[in-house]
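**Q** Take a look at target.cif, mmCIF, C-alpha atoms and all ligand atoms:
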data_model
loop_
_atom_site.label_atom_id
_atom_site.label_comp_id
_atom_site.auth_asym_id
_atom_site.auth_seq_id
_atom_site.Cartn_x
_atom_site.Cartn_y
_atom_site.Cartn_z
CA MET A 1 0.00 0.00 0.00
CA GLU A 2 1.40 3.36 -1.02
CA ARG A 3 0.01 5.51 1.73
CA THR A 4 -2.86 5.98 4.16
CA VAL A 5 -5.07 9.00 3.79
CA TYR A 6 -7.38 9.08 6.77
CA LEU A 7 -10.57 10.98 5.93
CA ASP A 8 -12.86 9.53 8.56
CA ASN A 9 -12.32 11.98 11.41
CA ASN A 10 -16.04 12.29 12.14
CA ALA A 11 -16.00 8.60 13.05
CA THR A 12 -13.00 9.06 15.28
CA THR A 13 -9.72 10.96 15.42
CA PRO A 14 -6.17 9.81 16.07
CA VAL A 15 -4.83 10.80 19.50
CA HIS A 16 -2.89 14.08 19.40
CA PRO A 17 0.82 13.62 20.26
CA GLU A 18 0.51 16.12 23.15
CA VAL A 19 -2.49 14.17 24.47
CA LYS A 20 -0.38 11.00 24.27
CA LYS A 21 2.19 12.64 26.55
CA ALA A 22 -0.52 13.69 29.00
CA ILE A 23 -1.82 10.10 29.02
CA ALA A 24 1.65 8.71 29.72
CA GLU A 25 1.89 10.94 32.80
CA ALA A 26 -1.68 10.28 33.93
CA ILE A 27 -1.07 6.53 34.00
CA ASP A 28 0.90 7.08 37.22
CA LEU A 29 -2.04 8.87 38.87
CA TYR A 30 -3.14 5.52 40.28
CA GLY A 31 -4.95 6.81 43.38
CA ASN A 32 -8.70 6.64 43.66
CA PRO A 33 -9.81 10.27 43.21
CA SER A 34 -12.30 9.78 46.05
CA SER A 35 -9.54 8.83 48.51
CA MET A 36 -8.39 11.41 51.06
CA HIS A 37 -4.71 10.45 50.92
CA ARG A 38 -2.10 12.02 48.72
CA PRO A 39 -2.21 9.56 45.77
CA GLY A 40 -6.00 9.96 45.69
CA GLN A 41 -5.83 13.72 45.89
CA MET A 42 -3.28 13.92 43.08
CA ALA A 43 -5.70 12.12 40.77
CA HIS A 44 -8.53 14.32 42.06
CA TYR A 45 -6.63 17.53 41.26
CA ALA A 46 -5.75 16.32 37.77
CA ILE A 47 -9.43 15.64 37.12
CA GLU A 48 -10.52 19.03 38.41
CA GLU A 49 -7.89 20.73 36.27
CA ALA A 50 -9.29 18.98 33.19
CA ARG A 51 -12.82 19.95 34.20
CA GLU A 52 -11.78 23.60 34.41
CA LYS A 53 -10.18 23.54 30.97
CA ILE A 54 -13.30 22.09 29.39
CA ALA A 55 -15.61 24.46 31.26
CA SER A 56 -13.62 27.46 30.14
CA PHE A 57 -13.63 26.20 26.54
CA ILE A 58 -17.45 26.49 26.37
CA GLY A 59 -17.88 29.33 28.85
CA ALA A 60 -19.34 27.14 31.61
CA LYS A 61 -18.58 26.73 35.31
CA PRO A 62 -16.48 23.67 36.26
CA GLU A 63 -19.31 22.29 38.42
CA GLU A 64 -21.53 22.23 35.33
CA ILE A 65 -19.24 19.70 33.59
CA LEU A 66 -19.93 16.01 34.04
CA PHE A 67 -17.70 13.21 32.74
CA THR A 68 -19.37 10.14 31.26
CA GLY A 69 -18.20 6.97 29.53
CA SER A 70 -18.94 8.30 26.02
CA GLY A 71 -20.87 10.85 24.01
CA SER A 72 -23.59 8.24 23.64
CA GLU A 73 -23.82 7.90 27.41
CA ALA A 74 -24.02 11.69 27.79
CA ASN A 75 -26.95 11.80 25.33
CA ASN A 76 -28.64 8.90 27.12
CA THR A 77 -28.09 10.67 30.45
CA VAL A 78 -30.01 13.75 29.29
CA LEU A 79 -32.91 11.81 27.81
CA ASN A 80 -33.04 9.49 30.82
CA SER A 81 -33.06 12.46 33.19
CA ILE A 82 -36.11 13.90 31.43
CA TYR A 83 -37.78 10.49 31.26
CA CYS A 84 -37.03 9.85 34.93
CA ASN A 85 -38.59 13.17 35.95
CA ILE A 86 -41.69 12.43 33.86
CA TYR A 87 -41.98 9.02 35.51
CA ALA A 88 -41.70 10.55 38.98
CA CYS A 89 -44.28 13.18 38.03
CA ASN A 90 -46.70 10.54 36.78
CA ILE A 91 -46.51 8.74 40.12
CA GLN A 92 -46.77 11.85 42.26
CA ASP A 93 -49.49 13.45 40.15
CA ALA A 94 -51.29 10.25 39.27
CA GLY A 95 -54.65 12.02 39.03
CA LYS A 96 -53.41 14.86 36.85
CA LYS A 97 -51.14 13.24 34.30
CA GLU A 98 -51.52 16.17 31.94
CA ASN A 99 -49.20 18.08 34.29
CA CYS A 100 -46.32 15.80 33.41
CA GLN A 101 -44.52 17.10 30.36
CA ASN A 102 -44.06 13.92 28.41
CA HIS A 103 -43.44 15.36 24.94
CA ILE A 104 -39.95 15.60 23.43
CA ILE A 105 -39.04 17.40 20.21
CA THR A 106 -36.01 16.21 18.26
CA SER A 107 -34.99 15.89 14.60
CA ALA A 108 -35.00 13.08 12.07
CA ILE A 109 -31.22 13.33 11.62
CA GLU A 110 -29.94 12.96 15.19
CA HIS A 111 -27.19 10.54 16.14
CA PRO A 112 -28.44 6.99 16.88
CA SER A 113 -27.70 7.54 20.59
CA VAL A 114 -30.56 10.05 20.58
CA ILE A 115 -32.92 8.48 18.02
CA HIS A 116 -32.73 4.89 19.29
CA THR A 117 -33.06 6.01 22.91
CA LEU A 118 -36.18 8.01 22.08
CA LYS A 119 -37.62 5.09 20.08
CA CYS A 120 -37.33 3.05 23.27
CA TYR A 121 -38.98 5.78 25.37
CA GLU A 122 -41.81 6.00 22.83
CA ARG A 123 -42.60 2.38 23.62
CA ARG A 124 -42.77 3.42 27.27
CA GLY A 125 -45.35 6.11 26.55
CA ILE A 126 -43.27 9.19 25.78
CA ASP A 127 -44.57 11.35 22.94
CA VAL A 128 -41.79 12.23 20.47
CA THR A 129 -41.81 14.58 17.47
CA TYR A 130 -39.06 14.00 14.89
CA LEU A 131 -38.74 17.25 12.97
CA PRO A 132 -38.02 17.01 9.24
CA VAL A 133 -35.08 18.79 7.60
CA ASP A 134 -34.88 20.62 4.29
CA LYS A 135 -32.78 19.43 1.34
CA PHE A 136 -29.65 20.87 2.98
CA GLY A 137 -30.34 19.08 6.25
CA SER A 138 -31.34 22.27 8.08
CA ILE A 139 -34.07 22.47 10.68
CA ASP A 140 -36.43 25.41 10.34
CA PRO A 141 -36.83 27.05 13.77
CA GLU A 142 -40.43 27.82 12.79
CA ASN A 143 -41.07 24.06 12.69
CA VAL A 144 -39.75 23.80 16.24
CA ASN A 145 -42.18 26.53 17.27
CA LYS A 146 -45.08 24.76 15.59
CA ALA A 147 -44.26 21.41 17.22
CA ILE A 148 -44.44 22.78 20.77
CA LYS A 149 -47.33 21.51 22.89
CA PRO A 150 -48.28 22.34 26.48
CA SER A 151 -46.73 18.95 27.31
CA THR A 152 -43.32 19.63 25.71
CA GLY A 153 -40.59 19.09 28.28
CA LEU A 154 -37.45 18.92 26.14
CA ILE A 155 -36.12 20.03 22.77
CA SER A 156 -33.04 18.07 21.67
CA ILE A 157 -31.40 19.20 18.43
CA MET A 158 -27.83 18.41 17.41
CA TYR A 159 -25.47 21.34 16.89
CA ALA A 160 -23.95 19.90 13.70
CA ASN A 161 -24.62 16.68 11.88
CA ASN A 162 -21.95 13.96 11.81
CA GLU A 163 -22.77 12.67 8.31
CA ILE A 164 -23.38 15.79 6.25
CA GLY A 165 -21.86 18.49 8.46
CA THR A 166 -24.89 20.80 8.41
CA ILE A 167 -24.83 23.30 11.29
CA GLN A 168 -28.24 23.98 12.82
CA PRO A 169 -29.60 27.40 13.84
CA ILE A 170 -28.98 26.52 17.49
CA LYS A 171 -29.19 30.08 18.78
CA GLU A 172 -32.68 30.56 17.36
CA ILE A 173 -33.90 27.16 18.54
CA ALA A 174 -32.46 27.66 22.01
CA GLU A 175 -34.26 31.02 22.17
CA ILE A 176 -37.57 29.37 21.27
CA ALA A 177 -37.01 26.84 24.04
CA ARG A 178 -36.22 29.59 26.55
CA LYS A 179 -39.31 31.63 25.63
CA ASN A 180 -41.49 28.57 26.13
CA LYS A 181 -39.70 27.48 29.34
CA ILE A 182 -38.69 24.17 27.79
CA TYR A 183 -35.36 22.45 28.49
CA PHE A 184 -32.93 22.53 25.57
CA HIS A 185 -30.27 19.91 24.81
CA THR A 186 -27.79 19.95 21.97
CA ASP A 187 -25.51 17.12 20.87
CA ALA A 188 -22.36 19.11 20.11
CA VAL A 189 -20.06 16.12 19.61
CA GLN A 190 -19.25 17.16 16.03
CA ALA A 191 -19.46 20.91 16.58
CA ALA A 192 -16.89 20.87 19.40
CA GLY A 193 -13.51 21.98 18.12
CA LYS A 194 -14.84 22.80 14.65
CA ILE A 195 -16.95 25.85 15.39
CA PRO A 196 -16.87 28.07 18.47
CA ILE A 197 -19.34 27.07 21.20
CA ASN A 198 -20.17 29.54 23.91
CA ILE A 199 -22.99 28.64 26.22
CA THR A 200 -23.07 32.09 27.79
CA GLU A 201 -24.39 33.36 24.45
CA LEU A 202 -26.92 30.58 24.04
CA ASN A 203 -29.67 29.33 26.28
CA ILE A 204 -28.54 25.72 26.57
CA ASP A 205 -29.45 23.46 29.48
CA PHE A 206 -27.59 20.33 28.37
CA LEU A 207 -24.72 19.93 25.89
CA THR A 208 -22.89 16.76 24.86
CA MET A 209 -19.28 16.36 23.69
CA SER A 210 -16.97 13.37 23.20
CA GLY A 211 -13.22 12.91 23.63
CA HIS A 212 -12.43 10.70 20.66
CA LYS A 213 -13.86 13.18 18.16
CA VAL A 214 -11.36 15.82 19.33
CA TYR A 215 -8.06 13.87 19.34
CA ALA A 216 -8.45 12.30 22.79
CA PRO A 217 -9.01 8.55 23.26
CA LYS A 218 -12.30 6.66 23.01
CA GLY A 219 -14.45 6.07 26.05
CA ILE A 220 -14.76 9.52 27.55
CA GLY A 221 -17.79 11.76 27.17
CA ILE A 222 -18.65 15.19 28.48
CA LEU A 223 -22.02 16.52 29.52
CA TYR A 224 -22.67 20.12 30.39
CA VAL A 225 -25.63 20.45 32.75
CA LYS A 226 -26.71 23.99 33.54
CA LYS A 227 -26.63 24.86 37.23
CA GLY A 228 -29.96 24.45 39.01
CA ILE A 229 -31.47 21.87 36.66
CA LYS A 230 -33.61 19.11 38.12
CA PHE A 231 -31.34 16.19 37.28
CA CYS A 232 -31.87 12.47 37.55
CA PRO A 233 -28.77 10.23 37.12
CA LEU A 234 -28.49 7.37 34.66
CA ILE A 235 -25.97 5.49 36.78
CA TYR A 236 -26.35 5.24 40.54
CA GLY A 237 -23.67 4.28 43.03
CA GLY A 238 -21.11 6.34 44.92
CA HIS A 239 -20.99 10.10 45.22
CA HIS A 240 -18.86 10.66 42.13
CA GLU A 241 -19.41 13.66 39.86
CA ARG A 242 -21.57 15.42 42.49
CA ASN A 243 -23.92 12.45 42.70
CA ARG A 244 -24.73 12.70 39.03
CA ARG A 245 -22.71 9.85 37.54
CA ALA A 246 -21.45 7.03 39.72
CA GLY A 247 -18.33 5.01 38.96
CA THR A 248 -14.69 5.59 39.83
CA GLU A 249 -13.47 8.31 37.51
CA ASN A 250 -11.56 7.46 34.33
CA THR A 251 -8.57 9.56 35.41
CA ILE A 252 -6.53 8.86 32.28
CA GLY A 253 -9.40 9.59 29.91
CA ILE A 254 -10.36 12.76 31.75
CA VAL A 255 -6.80 14.12 31.83
CA ALA A 256 -6.51 13.27 28.12
CA VAL A 257 -9.70 15.05 27.13
CA GLY A 258 -8.75 18.04 29.28
CA LYS A 259 -5.50 18.26 27.34
CA ALA A 260 -7.36 17.86 24.04
CA PHE A 261 -9.59 20.83 24.85
CA GLU A 262 -6.63 22.91 25.98
CA LEU A 263 -5.09 22.24 22.55
CA LEU A 264 -8.34 23.05 20.74
CA ALA A 265 -8.54 26.41 22.48
CA LYS A 266 -5.08 27.17 21.09
CA ASN A 267 -5.20 25.58 17.64
CA MET A 268 -8.76 25.13 16.44
CA GLU A 269 -9.01 28.37 14.54
CA SER A 270 -5.94 27.78 12.39
CA ASP A 271 -6.58 24.02 12.07
CA ASN A 272 -10.12 24.64 10.87
CA LYS A 273 -9.03 27.26 8.39
CA LYS A 274 -6.60 24.76 6.92
CA MET A 275 -9.21 21.97 6.84
CA LEU A 276 -11.77 24.20 5.16
CA ALA A 277 -9.29 25.10 2.39
CA LEU A 278 -8.57 21.39 1.85
CA LYS A 279 -12.26 20.52 1.85
CA LEU A 280 -12.99 23.17 -0.78
CA LYS A 281 -10.10 21.88 -2.88
CA LEU A 282 -11.51 18.36 -2.63
CA LYS A 283 -15.03 19.50 -3.52
CA GLN A 284 -13.85 21.56 -6.48
CA GLY A 285 -11.62 18.71 -7.65
CA PHE A 286 -14.51 16.23 -7.62
CA TRP A 287 -16.75 18.63 -9.56
CA GLU A 288 -14.09 18.99 -12.23
CA ARG A 289 -13.20 15.32 -12.50
CA ILE A 290 -16.35 13.25 -11.88
CA PRO A 291 -19.75 13.61 -13.56
CA ASP A 292 -23.12 12.79 -11.93
CA ILE A 293 -22.33 13.71 -8.37
CA SER A 294 -24.20 15.80 -5.84
CA ILE A 295 -23.23 17.32 -2.53
CA ASN A 296 -25.25 16.40 0.55
CA GLY A 297 -25.48 19.06 3.21
CA HIS A 298 -25.58 22.82 3.41
CA PRO A 299 -23.36 24.75 0.96
CA ASP A 300 -21.96 27.04 3.66
CA LYS A 301 -23.60 26.38 7.06
CA SER A 302 -21.45 23.32 7.28
CA LEU A 303 -18.57 21.98 9.38
CA PRO A 304 -15.22 23.02 7.91
CA ASN A 305 -14.02 19.40 7.71
CA THR A 306 -17.04 17.51 6.36
CA LEU A 307 -17.90 16.79 2.73
CA ASN A 308 -20.63 14.30 1.83
CA ILE A 309 -21.06 13.35 -1.81
CA THR A 310 -23.45 11.10 -3.65
CA PHE A 311 -21.89 9.32 -6.60
CA ASP A 312 -24.89 8.36 -8.70
CA TYR A 313 -25.51 4.78 -9.91
CA ILE A 314 -23.16 3.01 -7.48
CA GLU A 315 -23.09 1.71 -3.94
CA GLY A 316 -21.25 3.52 -1.18
CA GLU A 317 -19.98 0.21 0.18
CA SER A 318 -18.17 -0.65 -3.06
CA ILE A 319 -16.65 2.82 -3.21
CA LEU A 320 -15.48 2.53 0.38
CA LEU A 321 -13.81 -0.82 -0.23
CA SER A 322 -12.13 0.30 -3.46
CA ALA A 323 -10.88 3.47 -1.76
CA ASP A 324 -9.57 1.42 1.15
CA PHE A 325 -7.62 -0.72 -1.31
CA ASP A 326 -5.82 2.48 -2.33
CA GLY A 327 -5.24 3.44 1.31
CA ILE A 328 -8.03 6.02 1.52
CA ALA A 329 -10.28 5.73 4.60
CA VAL A 330 -13.75 7.22 4.16
CA SER A 331 -17.22 6.22 5.32
CA THR A 332 -20.63 5.59 3.92
CA GLY A 333 -23.75 6.49 5.84
CA SER A 334 -22.95 6.55 9.52
CA ALA A 335 -20.38 4.22 11.04
CA CYS A 336 -23.33 2.51 12.69
CA SER A 337 -25.00 1.77 9.35
CA THR A 338 -21.80 0.19 8.10
CA GLY A 339 -22.02 -3.55 8.00
CA SER A 340 -25.73 -3.40 7.26
CA LEU A 341 -27.17 -2.36 3.93
CA GLU A 342 -29.66 -0.01 5.55
CA PRO A 343 -29.41 3.37 3.85
CA SER A 344 -28.39 6.25 6.07
CA HIS A 345 -31.36 7.82 7.91
CA VAL A 346 -29.71 11.21 7.44
CA ILE A 347 -29.46 11.09 3.63
CA MET A 348 -32.92 9.52 3.53
CA ALA A 349 -34.27 12.50 5.48
CA LEU A 350 -32.76 14.82 2.84
CA LYS A 351 -33.97 13.12 -0.27
CA ASP A 352 -36.08 10.17 0.66
CA ASN A 353 -34.28 8.35 -2.10
CA PRO A 354 -32.57 5.15 -0.99
CA GLU A 355 -30.43 4.92 -4.13
CA SER A 356 -28.76 8.24 -3.47
CA ALA A 357 -28.32 7.26 0.18
CA HIS A 358 -26.51 4.10 -0.96
CA GLY A 359 -24.05 6.01 -3.10
CA SER A 360 -23.13 8.62 -0.51
CA ILE A 361 -19.62 8.91 0.84
CA ARG A 362 -18.45 11.05 3.72
CA PHE A 363 -15.01 12.62 3.62
CA SER A 364 -14.20 14.04 7.05
CA LEU A 365 -10.88 15.80 7.35
CA GLY A 366 -8.65 16.11 10.37
CA ARG A 367 -5.86 18.33 11.62
CA GLU A 368 -3.21 16.08 10.10
CA ASN A 369 -4.46 16.09 6.51
CA THR A 370 -2.31 17.75 3.88
CA GLU A 371 -2.56 19.19 0.39
CA GLU A 372 -0.83 15.99 -0.86
CA ASP A 373 -3.56 13.86 0.74
CA ILE A 374 -6.19 15.71 -1.27
CA ASP A 375 -4.15 15.43 -4.49
CA TYR A 376 -3.86 11.70 -3.89
CA VAL A 377 -7.63 11.30 -3.40
CA LEU A 378 -8.35 13.37 -6.50
CA GLU A 379 -5.98 11.14 -8.48
CA LYS A 380 -7.39 7.83 -7.16
CA PHE A 381 -11.12 8.56 -7.08
CA PRO A 382 -12.05 9.19 -10.73
CA PRO A 383 -10.86 5.75 -11.92
CA ILE A 384 -12.54 4.06 -8.92
CA ILE A 385 -15.89 5.68 -9.72
CA GLU A 386 -15.53 4.99 -13.45
CA LYS A 387 -14.71 1.33 -12.89
CA LEU A 388 -17.63 0.80 -10.51
CA ARG A 389 -20.07 2.58 -12.78
CA LYS A 390 -19.08 0.36 -15.69
CA MET A 391 -20.23 -2.61 -13.62
CA SER A 392 -23.43 -0.95 -12.42
CA PRO A 393 -26.73 -2.06 -14.02
CA LEU A 394 -28.22 1.31 -13.07
CA TYR A 395 -25.51 3.15 -14.93
CA ILE A 396 -25.67 0.89 -17.95
CA SER A 397 -29.43 1.28 -18.27
CA ASN A 398 -29.00 5.08 -18.16
CA TYR A 399 -26.05 5.34 -20.50
CA GLY A 400 -26.48 2.23 -22.64
CA GLY A 401 -23.15 0.86 -21.42
CA LYS A 402 -21.14 3.69 -22.97
C1 LIG B 501 -19.72 10.16 17.67
C2 LIG B 501 -20.98 10.87 17.99
C3 LIG B 501 -21.69 10.59 19.16
C4 LIG B 501 -21.32 9.48 20.10
O1 LIG B 501 -20.13 9.69 20.80
P1 LIG B 501 -19.38 8.38 21.37
O2 LIG B 501 -18.37 8.95 22.31
O3 LIG B 501 -18.78 7.68 20.20
O4 LIG B 501 -20.40 7.57 22.06
C5 LIG B 501 -22.84 11.32 19.42
N1 LIG B 501 -23.26 12.27 18.59
C6 LIG B 501 -22.59 12.58 17.46
C7 LIG B 501 -23.11 13.67 16.59
C8 LIG B 501 -21.44 11.88 17.12
O5 LIG B 501 -20.81 12.18 15.99
#
How does this structure look as structure tokens?
**A**
Amino acid sequence: MERTVYLDNNATTPVHPEVKKAIAEAIDLYGNPSSMHRPGQMAHYAIEEAREKIASFIGAKPEEILFTGSGSEANNTVLNSIYCNIYACNIQDAGKKENCQNHIITSAIEHPSVIHTLKCYERRGIDVTYLPVDKFGSIDPENVNKAIKPSTGLISIMYANNEIGTIQPIKEIAEIARKNKIYFHTDAVQAAGKIPINITELNIDFLTMSGHKVYAPKGIGILYVKKGIKFCPLIYGGHHERNRRAGTENTIGIVAVGKAFELLAKNMESDNKKMLALKLKLKQGFWERIPDISINGHPDKSLPNTLNITFDYIEGESILLSADFDGIAVSTGSACSTGSLEPSHVIMALKDNPESAHGSIRFSLGRENTEEDIDYVLEKFPPIIEKLRKMSPLYISNYGGK
């Protein structure tokens, strides 16, 4: 294999070399952070230092930051907290169930950790509205307004989409939630580190982030919970994380993600500028070299690193495998759809056309990508697409095999 060009940074990122160093040091922080002795306290201080770095990155207070086992767990924690409060309300107010706000508004293009959790809660009696998106994957704040009922207790809309990169009008939606006194959650796993997030400028009650999407290791999630919120834990046990998430802290993961956010604060602006230039070069190059393609996602309200393209007449899976043979790592649909032939729910929500969902490929750039990487992809892709189209019955029936 000539080289590896990793363009799947929305699935996960490689660990930053500085984060690696921080991990190597944190391995020796063996004490239990709950212990009063010195080894315990050393681990405790390292954790609190990381918490402060992350809080300052989004303009929050350290006590509003909660560490979880993943971004998925953070999303589940929010939805469970709402569900748990509804359940308690139903028992306490058994005669007046209408007082319990059991309606949740979300979108059709959320991450599976939101959608599948809500599907489960629907079976337990929660009322869920899945808002549609337009052809760019944007949510119209007016549709959020229209979906609100007296029983709405939560609005959960992702900040930016992992598959197509579309950035949602979070400020407007958060404002609608505030005006209606409804809790607002945003899954900012993909937005974090790619666009500035400042919760002092937005009315956000819950916000999710994840370490492995920002050059820290897998298995560490972050949940911002606004001070004063009625919170119900997902995991019970000891008094960790101010009684909001039990389990002995993942000291190494927490120190690592703290370091990752410290680095983002320093480097994200220049890194993102570089990634955006490379993404535009890739997009332009594809337009010039390959016919019958379309871009999925918003033309400019989009993450600087994410480009999603439908190559008509062929399957995303075959493109992915051919690209991998040339050392290019991309994805089709979401990582979770990979391995099944289910079309991506995100592309389906855009076009409602399973064929175009099948042929969609996500290129997600990272801080390490170079100009040469993009040149290499632009050299390798046209023959891959041409070869696959020549074998495609769909293509042959359209072009008579020419
Ligand atoms: C990756 C991702 C998650 C899940 O984070 P994990 O730490 O992998 O569980 C949630 N939401 C979005 C938008 C993501 O891209």
**Q** Using only C-alpha atoms and all ligand atoms, tabulate the residues of chain A lying at most 9 Å from any atom of ligand LIG 501 (chain B), each with its closest atom pair and that distance in Å to one decimal, by chain and increasing residue number, as a Markdown table.
**A**
| residue | atom | partner | partner_atom | distance |
| --- | --- | --- | --- | --- |
| A:Asn10 | CA | B:LIG501 | O5 | 6.1 |
| A:Ala11 | CA | B:LIG501 | C1 | 6.1 |
| A:Thr12 | CA | B:LIG501 | C1 | 7.2 |
| A:Gly69 | CA | B:LIG501 | O2 | 7.5 |
| A:Ser70 | CA | B:LIG501 | O2 | 3.8 |
| A:Gly71 | CA | B:LIG501 | O1 | 3.5 |
| A:Ser72 | CA | B:LIG501 | O4 | 3.6 |
| A:Glu73 | CA | B:LIG501 | O4 | 6.4 |
| A:Ala74 | CA | B:LIG501 | O4 | 7.9 |
| A:Asn75 | CA | B:LIG501 | C5 | 7.2 |
| A:Glu110 | CA | B:LIG501 | C7 | 7.0 |
| A:His111 | CA | B:LIG501 | N1 | 4.9 |
| A:Pro112 | CA | B:LIG501 | C5 | 7.5 |
| A:Ser113 | CA | B:LIG501 | C5 | 6.3 |
| A:Val114 | CA | B:LIG501 | N1 | 7.9 |
| A:Met158 | CA | B:LIG501 | C7 | 6.7 |
| A:Tyr159 | CA | B:LIG501 | C7 | 8.0 |
| A:Ala160 | CA | B:LIG501 | C7 | 6.9 |
| A:Asn161 | CA | B:LIG501 | C7 | 5.8 |
| A:Asn162 | CA | B:LIG501 | O5 | 4.7 |
| A:Glu163 | CA | B:LIG501 | O5 | 7.9 |
| A:Asp187 | CA | B:LIG501 | N1 | 5.8 |
| A:Ala188 | CA | B:LIG501 | C7 | 6.5 |
| A:Val189 | CA | B:LIG501 | C6 | 4.9 |
| A:Gln190 | CA | B:LIG501 | O5 | 5.2 |
| A:Ala191 | CA | B:LIG501 | C7 | 8.1 |
| A:Thr208 | CA | B:LIG501 | C5 | 7.7 |
| A:Met209 | CA | B:LIG501 | O1 | 7.3 |
| A:Ser210 | CA | B:LIG501 | O2 | 4.7 |
| A:Gly211 | CA | B:LIG501 | O2 | 6.6 |
| A:His212 | CA | B:LIG501 | O2 | 6.4 |
| A:Lys213 | CA | B:LIG501 | C1 | 6.6 |
| A:Lys218 | CA | B:LIG501 | O2 | 6.5 |
| A:Gly219 | CA | B:LIG501 | O2 | 6.1 |
| A:Ile220 | CA | B:LIG501 | O2 | 6.4 |
| A:Gly221 | CA | B:LIG501 | O2 | 5.6 |
| A:Ile222 | CA | B:LIG501 | O2 | 8.8 |
| A:Ser334 | CA | B:LIG501 | O5 | 8.8 |
| A:Ala335 | CA | B:LIG501 | C1 | 8.9 |
**Q** Using all atoms listed in the file, I'd like a table of the residues in region 206-276 of chain A that come within 9 Å of region 48-67 of chain A; for each, show the closest atom pair and its distance in Å rounded to one decimal, ordered by chain and ascending number, as a tab-separated table.
**A**
residue	atom	partner	partner_atom	distance
A:Ile220	CA	A:Phe67	CA	7.0
A:Gly221	CA	A:Phe67	CA	5.8
A:Ile222	CA	A:Phe67	CA	4.8
A:Leu223	CA	A:Leu66	CA	5.0
A:Tyr224	CA	A:Ile65	CA	4.7
A:Val225	CA	A:Glu64	CA	5.2
A:Lys226	CA	A:Glu64	CA	5.8
A:Lys227	CA	A:Glu64	CA	6.0
A:Glu241	CA	A:Leu66	CA	6.3
A:Arg242	CA	A:Glu63	CA	8.3
A:Arg244	CA	A:Leu66	CA	7.7
A:Arg245	CA	A:Leu66	CA	7.6
A:Glu249	CA	A:Phe67	CA	8.0
A:Asn250	CA	A:Phe67	CA	8.6
A:Ile254	CA	A:Ala50	CA	6.5
A:Val255	CA	A:Ala50	CA	5.6
A:Ala256	CA	A:Ala50	CA	8.1
A:Val257	CA	A:Ala50	CA	7.2
A:Gly258	CA	A:Ala50	CA	4.1
A:Lys259	CA	A:Ala50	CA	7.0
A:Phe261	CA	A:Ile54	CA	6.0
A:Glu262	CA	A:Lys53	CA	6.2
A:Leu264	CA	A:Phe57	CA	8.5
A:Ala265	CA	A:Phe57	CA	6.5
**Q** Dump C-alpha atoms for the selected residues as a PDB file, in the coordinates of the input?
**A**
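Dumped to result_36.pdb:
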ATOM      1  CA  ILE A 220     -14.760   9.520  27.550  1.00  0.00           C
ATOM      2  CA  GLY A 221     -17.790  11.760  27.170  1.00  0.00           C
ATOM      3  CA  ILE A 222     -18.650  15.190  28.480  1.00  0.00           C
ATOM      4  CA  LEU A 223     -22.020  16.520  29.520  1.00  0.00           C
ATOM      5  CA  TYR A 224     -22.670  20.120  30.390  1.00  0.00           C
ATOM      6  CA  VAL A 225     -25.630  20.450  32.750  1.00  0.00           C
ATOM      7  CA  LYS A 226     -26.710  23.990  33.540  1.00  0.00           C
ATOM      8  CA  LYS A 227     -26.630  24.860  37.230  1.00  0.00           C
ATOM      9  CA  GLU A 241     -19.410  13.660  39.860  1.00  0.00           C
ATOM     10  CA  ARG A 242     -21.570  15.420  42.490  1.00  0.00           C
ATOM     11  CA  ARG A 244     -24.730  12.700  39.030  1.00  0.00           C
ATOM     12  CA  ARG A 245     -22.710   9.850  37.540  1.00  0.00           C
ATOM     13  CA  GLU A 249     -13.470   8.310  37.510  1.00  0.00           C
ATOM     14  CA  ASN A 250     -11.560   7.460  34.330  1.00  0.00           C
ATOM     15  CA  ILE A 254     -10.360  12.760  31.750  1.00  0.00           C
ATOM     16  CA  VAL A 255      -6.800  14.120  31.830  1.00  0.00           C
ATOM     17  CA  ALA A 256      -6.510  13.270  28.120  1.00  0.00           C
ATOM     18  CA  VAL A 257      -9.700  15.050  27.130  1.00  0.00           C
ATOM     19  CA  GLY A 258      -8.750  18.040  29.280  1.00  0.00           C
ATOM     20  CA  LYS A 259      -5.500  18.260  27.340  1.00  0.00           C
ATOM     21  CA  PHE A 261      -9.590  20.830  24.850  1.00  0.00           C
ATOM     22  CA  GLU A 262      -6.630  22.910  25.980  1.00  0.00           C
ATOM     23  CA  LEU A 264      -8.340  23.050  20.740  1.00  0.00           C
ATOM     24  CA  ALA A 265      -8.540  26.410  22.480  1.00  0.00           C
TER      25      ALA A 265
END
**Q** Here is a test: counting all atoms listed in the file, which residue of A:Arg367, A:His358, A:Lys283, A:Lys21 is nearest to Glu269 (chain A)?
**A**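 With all atoms listed in the file as the atom set, the closest residue is A:Arg367.
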**Q** Using all atoms listed in the file, which of the listed residues (A:Lys279, A:Leu378, A:Gly327, A:Glu368) sits closest to Thr4 (chain A)?
**A** A:Gly327
**Q** Any idea what's packed within 12 Å of Lys179 (chain A), counting only C-alpha atoms, ignoring anything in its chain fewer than 6 positions away? Could you give it as a PyMOL selection string?
**A** chain A and resi 145+148+172-173+203
**Q** Could you tell me which of A:Leu263, A:Ala246, A:Ile361, A:Ile199 comes closest to Pro233 (chain A) if we count all atoms listed in the file?
**A**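 Closest residue, counting all atoms listed in the file: A:Ala246.
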**Q** Using only C-alpha atoms, determine which residues lie at most 10 Å from Asn296 (chain A), disregarding the query and same-chain residues fewer than 5 positions distant; provide the list as a PyMOL selection string.
**A** chain A and resi 135-137+163-166+307-310+346-347+350-351+356-357+360-362
**Q** Got a sec: who's within 9 Å of region 387-401 of chain A, counting only C-alpha atoms, leaving out chain neighbours fewer than 2 positions off, as a ChimeraX atom specification?
**A** /A:312-315,318-319,322,382-385
